[in-house]
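Asker: So here's data.txt (compact mmCIF, C-alpha atoms).
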# COMPACT_ATOMS: atom_id res chain seq x y z
CA MET A 1 15.37 -185.79 -16.78
CA ALA A 2 17.12 -183.71 -14.11
CA ALA A 3 15.55 -180.43 -13.01
CA SER A 4 17.49 -177.23 -13.39
CA PRO A 5 18.64 -175.29 -10.29
CA HIS A 6 16.42 -172.34 -11.21
CA THR A 7 13.35 -174.53 -11.40
CA LEU A 8 14.20 -176.20 -8.07
CA SER A 9 14.61 -172.89 -6.27
CA SER A 10 11.32 -171.56 -7.65
CA ARG A 11 9.54 -174.69 -6.45
CA LEU A 12 11.03 -174.38 -2.96
CA LEU A 13 10.01 -170.71 -2.79
CA ALA A 14 6.44 -171.51 -3.87
CA GLY A 15 6.22 -174.31 -1.28
CA TRP A 16 7.50 -172.05 1.47
CA VAL A 17 5.01 -169.29 0.60
CA GLY A 18 2.17 -171.82 0.43
CA GLY A 19 3.13 -173.19 3.85
CA CYS A 20 3.15 -169.72 5.34
CA VAL A 21 -0.27 -168.93 3.86
CA TRP A 22 -1.66 -172.25 5.14
CA TYR A 23 -0.29 -171.57 8.65
CA LEU A 24 -1.74 -168.09 8.76
CA GLU A 25 -5.13 -169.28 7.55
CA ARG A 26 -5.20 -172.06 10.13
CA ARG A 27 -4.22 -169.70 12.96
CA ALA A 28 -6.87 -167.19 11.90
CA ILE A 29 -9.52 -169.91 11.91
CA GLN A 30 -8.45 -171.09 15.37
CA GLU A 31 -8.39 -167.60 16.90
CA SER A 32 -11.60 -166.26 15.31
CA PRO A 33 -13.95 -167.88 17.91
CA HIS A 34 -11.86 -166.41 20.73
CA LYS A 35 -11.97 -162.97 19.13
CA PHE A 36 -15.70 -163.28 18.62
CA LEU A 37 -16.25 -164.31 22.24
CA HIS A 38 -14.04 -161.47 23.43
CA LEU A 39 -16.01 -159.04 21.28
CA PHE A 40 -19.28 -160.47 22.60
CA ARG A 41 -18.07 -160.04 26.18
CA ASN A 42 -17.21 -156.40 25.53
CA VAL A 43 -20.58 -155.77 23.95
CA ASN A 44 -22.30 -157.70 26.73
CA LYS A 45 -20.89 -155.31 29.29
CA GLN A 46 -22.54 -152.36 27.54
CA TRP A 47 -26.17 -153.27 27.21
CA ILE A 48 -28.49 -150.84 25.48
CA THR A 49 -30.28 -148.97 28.20
CA PHE A 50 -33.22 -146.60 28.34
CA GLN A 51 -30.83 -143.66 27.98
CA HIS A 52 -29.72 -144.95 24.55
CA PHE A 53 -33.31 -145.13 23.36
CA SER A 54 -34.00 -141.65 24.71
CA PHE A 55 -30.90 -140.32 22.95
CA LEU A 56 -31.94 -141.94 19.66
CA LYS A 57 -35.45 -140.54 20.08
CA ARG A 58 -34.13 -137.02 20.64
CA MET A 59 -31.86 -137.32 17.61
CA TYR A 60 -34.77 -138.52 15.49
CA VAL A 61 -37.03 -135.70 16.65
CA THR A 62 -34.30 -133.14 16.01
CA GLN A 63 -33.73 -134.36 12.46
CA LEU A 64 -37.48 -134.51 11.85
CA ASN A 65 -37.96 -130.94 13.07
CA ARG A 66 -35.20 -129.76 10.82
CA SER A 67 -36.95 -131.29 7.83
CA HIS A 68 -40.20 -129.50 8.71
CA ASN A 69 -40.64 -125.77 8.69
CA GLN A 70 -42.40 -125.22 12.00
CA GLN A 71 -43.00 -121.76 13.36
CA VAL A 72 -42.22 -120.95 16.94
CA LYS A 73 -45.19 -119.70 18.95
CA PRO A 74 -44.06 -116.73 21.03
CA LYS A 75 -44.44 -117.14 24.73
CA PRO A 76 -47.24 -114.91 26.10
CA GLU A 77 -46.35 -112.27 28.61
CA PRO A 78 -47.20 -113.02 32.27
CA VAL A 79 -50.51 -111.52 33.25
CA ALA A 80 -50.76 -109.42 36.38
CA SER A 81 -54.43 -110.04 37.09
CA PRO A 82 -56.73 -113.04 36.59
CA PHE A 83 -59.29 -110.73 34.97
CA LEU A 84 -56.96 -110.28 31.96
CA GLU A 85 -56.88 -114.00 31.25
CA LYS A 86 -59.35 -113.81 28.37
CA THR A 87 -57.63 -110.84 26.76
CA SER A 88 -54.21 -112.48 26.97
CA SER A 89 -55.53 -115.67 25.36
CA GLY A 90 -57.12 -113.56 22.59
CA GLN A 91 -53.86 -111.75 21.97
CA ALA A 92 -52.03 -115.06 21.77
CA LYS A 93 -54.55 -116.31 19.20
CA ALA A 94 -54.18 -113.10 17.18
CA GLU A 95 -50.40 -113.43 17.19
CA MET A 96 -50.71 -117.03 16.08
CA TYR A 97 -52.94 -116.04 13.17
CA GLU A 98 -50.60 -113.21 12.19
CA MET A 99 -47.71 -115.61 11.80
CA ARG A 100 -46.42 -116.34 8.34
CA PRO A 101 -48.03 -119.48 6.85
CA LEU A 102 -45.97 -122.51 6.18
CA SER A 103 -44.22 -122.54 2.87
CA PRO A 104 -45.14 -125.30 0.45
CA PRO A 105 -43.04 -128.40 0.62
CA SER A 106 -41.86 -127.88 -2.96
CA LEU A 107 -39.65 -124.98 -1.88
CA SER A 108 -36.18 -125.92 -0.80
CA LEU A 109 -34.77 -125.15 2.59
CA SER A 110 -32.13 -122.87 1.14
CA ARG A 111 -34.78 -120.33 0.05
CA LYS A 112 -35.89 -119.62 3.62
CA PRO A 113 -33.77 -116.90 5.19
CA ASN A 114 -35.19 -117.33 8.75
CA GLU A 115 -34.78 -121.07 8.91
CA LYS A 116 -31.68 -121.01 11.08
CA GLU A 117 -33.22 -118.50 13.44
CA LEU A 118 -36.33 -120.61 13.81
CA ILE A 119 -34.33 -123.75 14.49
CA GLU A 120 -32.24 -121.92 17.11
CA LEU A 121 -35.32 -120.38 18.70
CA GLU A 122 -37.21 -123.66 19.05
CA PRO A 123 -34.86 -125.48 21.49
CA ALA A 124 -34.56 -122.31 23.58
CA SER A 125 -38.34 -121.96 23.95
CA VAL A 126 -38.69 -125.65 24.81
CA ILE A 127 -36.00 -125.36 27.48
CA GLU A 128 -37.66 -122.26 28.96
CA ASP A 129 -41.04 -124.00 29.09
CA SER A 130 -39.56 -127.07 30.78
CA ILE A 131 -37.77 -124.88 33.36
CA ASP A 132 -41.01 -123.06 34.16
CA VAL A 133 -42.89 -126.35 34.56
CA ARG A 134 -40.17 -127.68 36.87
CA LYS A 135 -40.36 -124.54 39.00
CA GLU A 136 -44.14 -124.88 39.29
CA THR A 137 -43.93 -128.54 40.28
CA LYS A 138 -41.22 -127.80 42.82
CA GLU A 139 -43.34 -125.06 44.35
CA GLU A 140 -46.30 -127.41 44.55
CA LYS A 141 -44.31 -130.27 46.09
CA ARG A 142 -42.37 -128.12 48.51
CA TRP A 143 -43.15 -128.93 52.15
CA LYS A 144 -44.86 -126.06 53.90
CA GLU A 145 -45.05 -125.71 57.65
CA MET A 146 -48.63 -125.74 58.91
CA LYS A 147 -49.27 -122.89 61.30
CA LEU A 148 -51.44 -123.71 64.28
CA GLN A 149 -54.34 -121.36 64.79
CA VAL A 150 -55.93 -120.97 68.20
CA TYR A 151 -59.45 -121.57 66.93
CA ASP A 152 -58.32 -124.82 65.25
CA LEU A 153 -56.82 -126.25 68.43
CA PRO A 154 -60.05 -127.67 69.98
CA GLY A 155 -60.87 -129.63 66.84
CA ILE A 156 -57.33 -130.92 66.51
CA LEU A 157 -57.23 -132.06 70.13
CA ALA A 158 -60.63 -133.69 69.72
CA ARG A 159 -59.29 -135.76 66.81
CA LEU A 160 -56.12 -136.50 68.74
CA SER A 161 -58.13 -137.91 71.64
CA LYS A 162 -60.57 -139.80 69.32
CA ILE A 163 -63.55 -137.99 70.71
CA LYS A 164 -66.11 -140.45 69.29
CA LEU A 165 -64.36 -143.43 70.87
CA THR A 166 -64.04 -141.49 74.11
CA GLY A 167 -67.76 -140.80 74.03
CA LEU A 168 -68.46 -144.53 73.65
CA VAL A 169 -66.18 -145.30 76.61
CA VAL A 170 -67.92 -142.73 78.81
CA SER A 171 -71.36 -144.03 77.81
CA THR A 172 -70.47 -147.61 78.76
CA THR A 173 -69.07 -146.35 82.07
CA ALA A 174 -72.32 -144.50 82.71
CA ALA A 175 -74.30 -147.65 81.92
CA GLY A 176 -72.25 -149.62 84.43
CA PHE A 177 -72.83 -146.92 87.06
CA ALA A 178 -76.58 -146.87 86.39
CA LEU A 179 -76.95 -150.66 86.44
CA ALA A 180 -75.17 -151.00 89.77
CA PRO A 181 -77.41 -151.57 92.82
CA GLY A 182 -78.04 -148.73 95.21
CA PRO A 183 -79.19 -145.12 94.95
CA PHE A 184 -77.99 -142.96 92.08
CA ASP A 185 -75.41 -140.44 93.28
CA TRP A 186 -75.17 -137.57 90.79
CA PRO A 187 -71.90 -135.96 92.03
CA CYS A 188 -70.18 -139.34 92.01
CA PHE A 189 -71.60 -140.05 88.56
CA LEU A 190 -70.29 -136.78 87.14
CA LEU A 191 -66.84 -137.27 88.66
CA THR A 192 -66.71 -140.82 87.26
CA SER A 193 -67.68 -139.64 83.77
CA VAL A 194 -65.16 -136.79 83.75
CA GLY A 195 -62.33 -138.92 85.12
CA THR A 196 -63.01 -141.76 82.68
CA GLY A 197 -63.21 -139.33 79.76
CA LEU A 198 -59.88 -137.74 80.65
CA ALA A 199 -58.22 -141.12 81.04
CA SER A 200 -59.56 -142.20 77.63
CA CYS A 201 -58.31 -138.99 76.00
CA ALA A 202 -54.85 -139.57 77.46
CA ALA A 203 -54.68 -143.18 76.30
CA ASN A 204 -55.81 -142.34 72.77
CA SER A 205 -53.34 -139.45 72.47
CA ILE A 206 -50.41 -141.60 73.56
CA ASN A 207 -51.55 -144.30 71.14
CA GLN A 208 -51.44 -141.85 68.22
CA PHE A 209 -48.05 -140.57 69.37
CA PHE A 210 -46.56 -144.08 69.16
CA GLU A 211 -48.16 -144.96 65.82
CA VAL A 212 -47.26 -141.91 63.71
CA PRO A 213 -44.83 -143.76 61.35
CA PHE A 214 -47.35 -146.54 60.73
CA ASP A 215 -50.48 -144.39 60.50
CA SER A 216 -48.91 -142.47 57.62
CA ASN A 217 -49.05 -145.65 55.49
CA MET A 218 -52.78 -146.22 56.00
CA ASN A 219 -55.58 -144.41 54.21
CA ARG A 220 -57.74 -144.68 57.32
CA THR A 221 -55.27 -142.87 59.59
CA LYS A 222 -53.12 -140.72 57.29
CA ASN A 223 -55.12 -137.57 58.13
CA ARG A 224 -54.57 -137.72 61.87
CA PRO A 225 -53.16 -134.54 63.44
CA LEU A 226 -49.72 -135.90 64.25
CA VAL A 227 -49.34 -137.53 60.84
CA ARG A 228 -50.20 -134.30 59.02
CA GLY A 229 -48.02 -132.24 61.32
CA GLN A 230 -50.83 -130.06 62.62
CA ILE A 231 -49.40 -130.28 66.13
CA SER A 232 -46.01 -131.23 67.45
CA PRO A 233 -45.33 -134.49 69.31
CA LEU A 234 -44.38 -132.47 72.38
CA LEU A 235 -47.80 -130.82 72.41
CA ALA A 236 -49.49 -134.22 72.02
CA VAL A 237 -47.57 -135.72 74.93
CA SER A 238 -48.23 -132.64 77.04
CA PHE A 239 -51.94 -132.87 76.30
CA ALA A 240 -51.95 -136.58 77.22
CA THR A 241 -50.18 -135.83 80.49
CA CYS A 242 -52.60 -133.02 81.31
CA CYS A 243 -55.48 -135.46 80.77
CA ALA A 244 -54.02 -138.53 82.51
CA VAL A 245 -52.91 -136.91 85.77
CA PRO A 246 -56.17 -135.12 86.66
CA GLY A 247 -58.25 -137.99 85.29
CA VAL A 248 -56.63 -140.60 87.51
CA ALA A 249 -56.63 -138.15 90.43
CA ILE A 250 -60.37 -137.52 90.07
CA LEU A 251 -61.11 -141.26 89.89
CA THR A 252 -58.88 -142.01 92.89
CA TRP A 253 -59.74 -139.22 95.33
CA GLY A 254 -63.07 -138.07 93.92
CA VAL A 255 -64.63 -141.52 93.48
CA ASN A 256 -62.68 -144.34 95.16
CA PRO A 257 -59.19 -145.87 94.92
CA LEU A 258 -60.43 -149.03 93.17
CA THR A 259 -61.86 -147.06 90.26
CA GLY A 260 -58.69 -144.95 90.05
CA ALA A 261 -56.54 -148.08 89.97
CA LEU A 262 -58.69 -149.53 87.17
CA GLY A 263 -58.36 -146.29 85.19
CA LEU A 264 -54.59 -146.22 85.57
CA PHE A 265 -54.34 -149.90 84.68
CA ASN A 266 -56.45 -149.34 81.56
CA ILE A 267 -54.19 -146.51 80.37
CA PHE A 268 -51.15 -148.74 80.85
CA LEU A 269 -52.81 -151.71 79.14
CA TYR A 270 -53.84 -149.67 76.10
CA THR A 271 -50.61 -147.73 75.56
CA CYS A 272 -47.91 -150.15 76.71
CA CYS A 273 -49.46 -153.54 75.84
CA TYR A 274 -52.11 -153.22 73.15
CA THR A 275 -50.32 -150.61 71.01
CA PRO A 276 -46.99 -152.49 70.57
CA LEU A 277 -48.75 -155.85 70.25
CA LYS A 278 -50.55 -154.62 67.14
CA ARG A 279 -47.30 -155.12 65.20
CA ILE A 280 -46.27 -158.36 66.89
CA SER A 281 -49.15 -160.80 67.36
CA ILE A 282 -52.89 -161.23 66.81
CA VAL A 283 -53.20 -161.45 70.60
CA ASN A 284 -53.61 -157.67 70.43
CA THR A 285 -57.29 -158.16 69.57
CA TRP A 286 -57.98 -159.99 72.84
CA VAL A 287 -55.95 -157.43 74.81
CA GLY A 288 -57.89 -154.61 73.16
CA ALA A 289 -61.15 -156.35 74.08
CA VAL A 290 -60.07 -156.35 77.74
CA VAL A 291 -59.33 -152.62 77.45
CA GLY A 292 -62.84 -152.01 76.15
CA ALA A 293 -64.42 -154.20 78.84
CA ILE A 294 -62.93 -152.27 81.79
CA PRO A 295 -64.97 -148.99 81.53
CA PRO A 296 -68.34 -150.52 82.53
CA VAL A 297 -66.56 -152.28 85.37
CA MET A 298 -65.23 -148.89 86.45
CA GLY A 299 -68.77 -147.53 86.45
CA TRP A 300 -69.93 -150.43 88.62
CA THR A 301 -67.06 -150.02 91.09
CA ALA A 302 -67.67 -146.26 91.22
CA ALA A 303 -71.23 -146.91 92.37
CA THR A 304 -70.62 -149.88 94.69
CA GLY A 305 -66.96 -149.67 95.65
CA SER A 306 -66.41 -153.39 94.98
CA LEU A 307 -66.06 -155.92 92.19
CA ASP A 308 -69.22 -158.03 92.08
CA ALA A 309 -70.61 -160.59 89.69
CA GLY A 310 -72.58 -157.84 87.96
CA ALA A 311 -69.38 -155.96 87.15
CA PHE A 312 -67.88 -159.05 85.51
CA LEU A 313 -71.09 -159.67 83.57
CA LEU A 314 -71.08 -156.15 82.14
CA GLY A 315 -67.40 -156.50 81.32
CA GLY A 316 -68.13 -159.82 79.62
CA ILE A 317 -70.85 -158.27 77.45
CA LEU A 318 -68.52 -155.49 76.33
CA TYR A 319 -65.72 -158.02 75.83
CA SER A 320 -67.80 -160.24 73.55
CA TRP A 321 -69.38 -157.35 71.66
CA GLN A 322 -66.01 -156.01 70.53
CA PHE A 323 -65.09 -159.10 68.48
CA PRO A 324 -67.88 -158.89 65.90
CA HIS A 325 -67.51 -155.12 65.91
CA PHE A 326 -63.75 -154.97 65.34
CA ASN A 327 -63.36 -158.12 63.23
CA ALA A 328 -65.99 -156.88 60.82
CA LEU A 329 -64.32 -153.47 60.69
CA SER A 330 -60.84 -154.89 60.12
CA TRP A 331 -62.10 -157.21 57.37
CA GLY A 332 -62.76 -154.25 55.11
CA LEU A 333 -59.42 -152.67 56.04
CA ARG A 334 -57.15 -155.65 55.40
CA GLU A 335 -55.14 -153.87 52.71
CA ASP A 336 -54.71 -150.87 54.96
CA TYR A 337 -53.57 -152.92 57.95
CA SER A 338 -51.13 -154.95 55.87
CA ARG A 339 -49.73 -151.75 54.36
CA GLY A 340 -49.27 -150.29 57.83
CA GLY A 341 -47.56 -153.43 59.09
CA TYR A 342 -50.18 -154.36 61.70
CA CYS A 343 -50.68 -158.00 62.63
CA MET A 344 -54.46 -158.47 62.58
CA MET A 345 -56.57 -161.60 62.43
CA SER A 346 -58.23 -160.43 59.23
CA VAL A 347 -54.81 -160.24 57.54
CA THR A 348 -52.93 -163.24 58.89
CA HIS A 349 -55.76 -165.57 60.03
CA PRO A 350 -58.92 -164.75 58.05
CA GLY A 351 -60.66 -168.01 58.98
CA LEU A 352 -60.03 -167.46 62.68
CA CYS A 353 -61.28 -163.89 62.34
CA ARG A 354 -64.68 -165.06 61.08
CA ARG A 355 -64.97 -167.89 63.61
CA VAL A 356 -64.19 -165.64 66.57
CA ALA A 357 -66.75 -163.07 65.41
CA LEU A 358 -69.50 -165.72 65.17
CA ARG A 359 -68.49 -167.31 68.47
CA HIS A 360 -68.84 -164.07 70.41
CA CYS A 361 -72.10 -163.16 68.68
CA LEU A 362 -73.53 -166.37 70.15
CA ALA A 363 -71.88 -165.55 73.51
CA LEU A 364 -74.03 -162.41 73.71
CA LEU A 365 -77.12 -164.65 73.86
CA VAL A 366 -75.68 -166.57 76.81
CA LEU A 367 -74.55 -163.45 78.68
CA SER A 368 -77.95 -161.82 78.23
CA ALA A 369 -79.61 -164.92 79.69
CA ALA A 370 -77.24 -164.80 82.68
CA ALA A 371 -78.22 -161.24 83.65
CA PRO A 372 -81.43 -162.22 85.56
CA VAL A 373 -79.63 -165.13 87.16
CA LEU A 374 -77.19 -162.69 88.77
CA ASP A 375 -80.06 -160.40 89.90
CA ILE A 376 -79.02 -157.58 87.62
CA THR A 377 -82.17 -157.53 85.46
CA THR A 378 -85.56 -159.13 85.48
CA TRP A 379 -86.42 -162.19 83.45
CA THR A 380 -88.01 -160.06 80.76
CA PHE A 381 -84.58 -158.87 79.61
CA PRO A 382 -83.48 -162.15 77.93
CA PHE A 383 -86.71 -162.26 75.93
CA MET A 384 -86.63 -158.56 74.99
CA SER A 385 -83.00 -158.76 73.93
CA LEU A 386 -83.48 -162.02 72.02
CA PRO A 387 -84.42 -160.37 68.66
CA ILE A 388 -81.39 -158.08 68.48
CA ASN A 389 -79.03 -160.79 69.75
CA ALA A 390 -80.44 -163.26 67.24
CA TYR A 391 -80.09 -160.73 64.43
CA ILE A 392 -76.44 -159.96 65.16
CA SER A 393 -75.81 -163.71 65.44
CA TYR A 394 -77.40 -164.19 62.02
CA LEU A 395 -75.17 -161.48 60.55
CA GLY A 396 -72.17 -163.09 62.23
CA PHE A 397 -73.12 -166.38 60.57
CA ARG A 398 -73.46 -164.68 57.17
CA PHE A 399 -70.04 -163.11 57.69
CA TYR A 400 -68.60 -166.51 58.57
CA VAL A 401 -70.10 -168.14 55.46
CA ASP A 402 -69.76 -165.40 52.83
CA ALA A 403 -66.53 -163.75 54.04
CA ASP A 404 -67.00 -160.75 51.76
CA ARG A 405 -67.01 -157.01 52.20
CA ARG A 406 -70.79 -156.70 52.10
CA SER A 407 -71.41 -159.13 54.96
CA SER A 408 -68.65 -157.53 57.06
CA ARG A 409 -70.15 -154.07 56.56
CA ARG A 410 -73.60 -155.27 57.58
CA LEU A 411 -72.22 -156.85 60.74
CA PHE A 412 -70.20 -153.74 61.60
CA PHE A 413 -73.11 -151.32 61.21
CA CYS A 414 -75.34 -153.65 63.19
CA SER A 415 -72.86 -153.63 66.06
CA LEU A 416 -73.03 -149.82 66.17
CA TRP A 417 -76.69 -149.77 67.23
CA HIS A 418 -76.74 -153.18 68.93
CA LEU A 419 -74.69 -152.17 71.99
CA PRO A 420 -76.59 -148.96 72.89
CA LEU A 421 -79.92 -150.75 72.46
CA LEU A 422 -78.79 -153.71 74.54
CA LEU A 423 -77.61 -151.46 77.41
CA LEU A 424 -80.83 -149.48 77.20
CA LEU A 425 -82.86 -152.68 77.50
CA MET A 426 -80.78 -153.67 80.53
CA LEU A 427 -81.55 -150.33 82.16
CA THR A 428 -85.23 -150.74 81.37
CA CYS A 429 -85.30 -154.24 82.85
CA LYS A 430 -83.09 -153.43 85.83
CA ARG A 431 -84.18 -155.32 88.94
CA PRO A 432 -85.68 -152.89 91.48
CA ARG A 433 -83.95 -152.75 94.84
CA GLY A 434 -85.72 -152.46 98.17
CA ASP A 435 -84.36 -150.70 101.19
CA GLY A 436 -83.03 -153.95 102.56
CA ASP A 437 -81.34 -154.82 99.25
CA ALA A 438 -79.57 -151.53 98.89
CA ALA A 439 -75.83 -151.80 98.42
CA PRO A 440 -73.49 -150.03 100.79
CA PRO A 441 -72.35 -146.55 99.69
CA PRO A 442 -69.00 -146.35 97.87
CA SER A 443 -65.98 -145.82 100.04
Would you give me this structure, written as structure tokens?
Answerer:
Amino acid sequence: MAASPHTLSSRLLAGWVGGCVWYLERRAIQESPHKFLHLFRNVNKQWITFQHFSFLKRMYVTQLNRSHNQQVKPKPEPVASPFLEKTSSGQAKAEMYEMRPLSPPSLSLSRKPNEKELIELEPASVIEDSIDVRKETKEEKRWKEMKLQVYDLPGILARLSKIKLTGLVVSTTAAGFALAPGPFDWPCFLLTSVGTGLASCAANSINQFFEVPFDSNMNRTKNRPLVRGQISPLLAVSFATCCAVPGVAILTWGVNPLTGALGLFNIFLYTCCYTPLKRISIVNTWVGAVVGAIPPVMGWTAATGSLDAGAFLLGGILYSWQFPHFNALSWGLREDYSRGGYCMMSVTHPGLCRRVALRHCLALLVLSAAAPVLDITTWTFPFMSLPINAYISYLGFRFYVDADRRSSRRLFFCSLWHLPLLLLLMLTCKRPRGDGDAAPPPS
């Protein structure tokens, strides 16, 4: 049976519409992943940050405060005197108690005529309080110039020159002068002590001048005068110059040229070699030990005018003593030294730090036994110094084995009294000199 033209046209129209719908559905299915990926990329570029969470939190708190009927506490008036503090606090409490109590939650918000005023007042009071707090914190954190008082200057300069370390340097120089052979010359001794002290003050001041940026990062040195700004760098350099020039001049022309040359060389070694090496290599510890070993040699040369075996022995004792002393000190300050950027054995080579400390503790036993061989002391000195040398060697061994803060502190505090006692025993056991054994006077 043949189909009518109307039926044929309706079928063609339905097929064409169905094909269009099928094409559109297929295209939508194909493009939906691309649209999703594009949407994901757009969202991915705008991650939720801390500011979004803060904004949501503020919105939540605002809506929550609107739902509650909180009263605004009036800000108390500023008091003019600290004696009115109690009265002002009492008035604030009275005002708080006089405030209208909270309405029951059953009442609707529309029945409260002052609701809008309270809601408008609350953000304003919060903003005012935050502004006041910011002003107070800014005033507290604002840098204030420290004014230098005349009566504070001696103490500041004493800390700039490391007066305790300078005292130790002068005492070792005096020991070297007293242990030297020959008669004791008091004017020469006083000139040597003053010149050595001035040279030490100059070296320490220049050292602090160079290390200001690094000392500010360490708890041990952050209160030094230059770091805190108590004095200017120009004043520090001027003070160092005023100490170095007369100090070297006194040692050169007041004592002898050899002692003056040793003093000048020690200032150069400490400021231009040891100080920059502290941030470069662990060799700085050995260079610093040489710096500490020169003062007793200067005392010997001031008394004799020459470099003898006794001068090198005293320098060797001071050289070896500094390793257990400083290595034990630096062990407890490893965090500080690493924060300041200093290259110390305790930070970069902890095993070597402990070995070197023990090695030089044992070297003190050998050097003490060599003193009578070089005719500096009698043979009673090695036996009298054996207990203290054995004790510091034992503490050096405990520091090598335990490698903790307690053992390092014990070794450090032992080194503080070990050196003065050892030098005192050397003076007690000094070999007496006859008239024929007297050394020639210093040139």
Asker: Hey, can you check how far atom CA of His325 of chain A sits from atom CA of Cys414 of chain A?
Answerer: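 Separating atom CA of His325 of chain A from atom CA of Cys414 of chain A is a distance of 8.4 Å.
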Asker: Between A:Gly197, A:Pro382, A:Gly341, A:Gly396, which residue has the minimum interatomic distance to Cys353 of chain A, considering all atoms listed in the file?
Answerer: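 Comparing A:Gly197, A:Pro382, A:Gly341, A:Gly396 against Cys353 of chain A, the winner is A:Gly396.
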Asker: Which residue is closest to Pro213 of chain A? Choose from A:Tyr319, A:Tyr342, A:Phe268, A:Phe177 and count only C-alpha atoms.
Answerer: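 Closest to Pro213 of chain A, using only C-alpha atoms: A:Tyr342.
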Asker: From the list A:Ala240, A:Ala403, A:Ala261, A:Leu422, which residue is nearest Trp331 of chain A when using all atoms listed in the file?
Answerer: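 Of A:Ala240, A:Ala403, A:Ala261, A:Leu422, the one nearest Trp331 of chain A is A:Ala403, counting all atoms listed in the file.
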Asker: Around (-81.8, -160.7, 67.7) in the file's frame, which residues reach within 12 Å when counting all atoms listed in the file? Return as number ranges by chain?
Answerer: A: 361-362, 364-365, 368, 382-396, 414-415, 418-419, 421-422
Asker: So how far away is atom CA of Tyr400 of chain A from atom CA of Ser346 of chain A, in Å?
Answerer: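 We find that atom CA of Ser346 of chain A and atom CA of Tyr400 of chain A lie 12.0 Å from each other.
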Asker: Using all atoms listed in the file, find all polymer residues with an atom at most 7 Å away from the point (-77.5, -157.2, 87.2); report them as JSON, numbers by chain.
Answerer: {"A": [179, 310, 371, 372, 374, 375, 376, 377, 430]}
Asker: Find the distance between atom CA of Phe189 of chain A and atom CA of Gly155 of chain A and write it in Å to one decimal.
Answerer: 26.4 Å
Asker: Which one is closest to Ala311 of chain A: A:Pro420, A:Pro350, A:Gly340, A:Pro181? Count all atoms listed in the file.
Answerer: A:Pro181
Asker: Quick one: everything within 12 Å of Ala303 of chain A, counting only C-alpha atoms, minus sequence neighbours fewer than 3 positions away in the same chain. Send it as a PyMOL selection string.
Answerer: chain A and resi 173-193+251+255-256+258-259+296-300+306-308+310-311+438-443
Asker: Restricting the calculation to only C-alpha atoms, which member of A:Gly229, A:Gly316, A:Gly305, A:Gly288 is positioned closest to Leu262 of chain A?
Answerer: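 Using only C-alpha atoms, Leu262 of chain A sits closest to A:Gly305.
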Asker: From the set A:Leu411, A:Leu416, A:Leu235, A:Val245, which residue has the shortest atom-to-atom contact distance to Ser200 of chain A, counting all atoms listed in the file?
Answerer: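 Closest candidate: A:Val245.
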Asker: Please identify all polymer residues within 12 Å of Val347 of chain A, counting only C-alpha atoms, omitting same-chain residues fewer than 2 positions from it, and present them as a list of chain:residue names.
Answerer: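 Returned residues: A:Lys278, A:Arg279, A:Ser281, A:Ile282, A:Asn327, A:Ser330, A:Trp331, A:Gly332, A:Leu333, A:Arg334, A:Glu335, A:Asp336, A:Tyr337, A:Ser338, A:Arg339, A:Gly340, A:Gly341, A:Tyr342, A:Cys343, A:Met344, A:Met345, A:His349, A:Pro350, A:Gly351, A:Leu352, A:Cys353, A:Arg354.
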Asker: Give me the residues near Gly263 of chain A as a list of chain:residue names, where near means some atom within 10 Å (using only C-alpha atoms) and where sequence neighbours in that chain fewer than 2 positions away do not count.
Answerer: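 In the requested form, the answer reads A:Gly195, A:Thr196, A:Leu198, A:Ala199, A:Ser200, A:Ala244, A:Gly247, A:Val248, A:Ala249, A:Leu251, A:Thr252, A:Pro257, A:Leu258, A:Thr259, A:Gly260, A:Ala261, A:Phe265, A:Asn266, A:Ile267, A:Phe268, A:Leu269, A:Ile294, A:Pro295, A:Met298.
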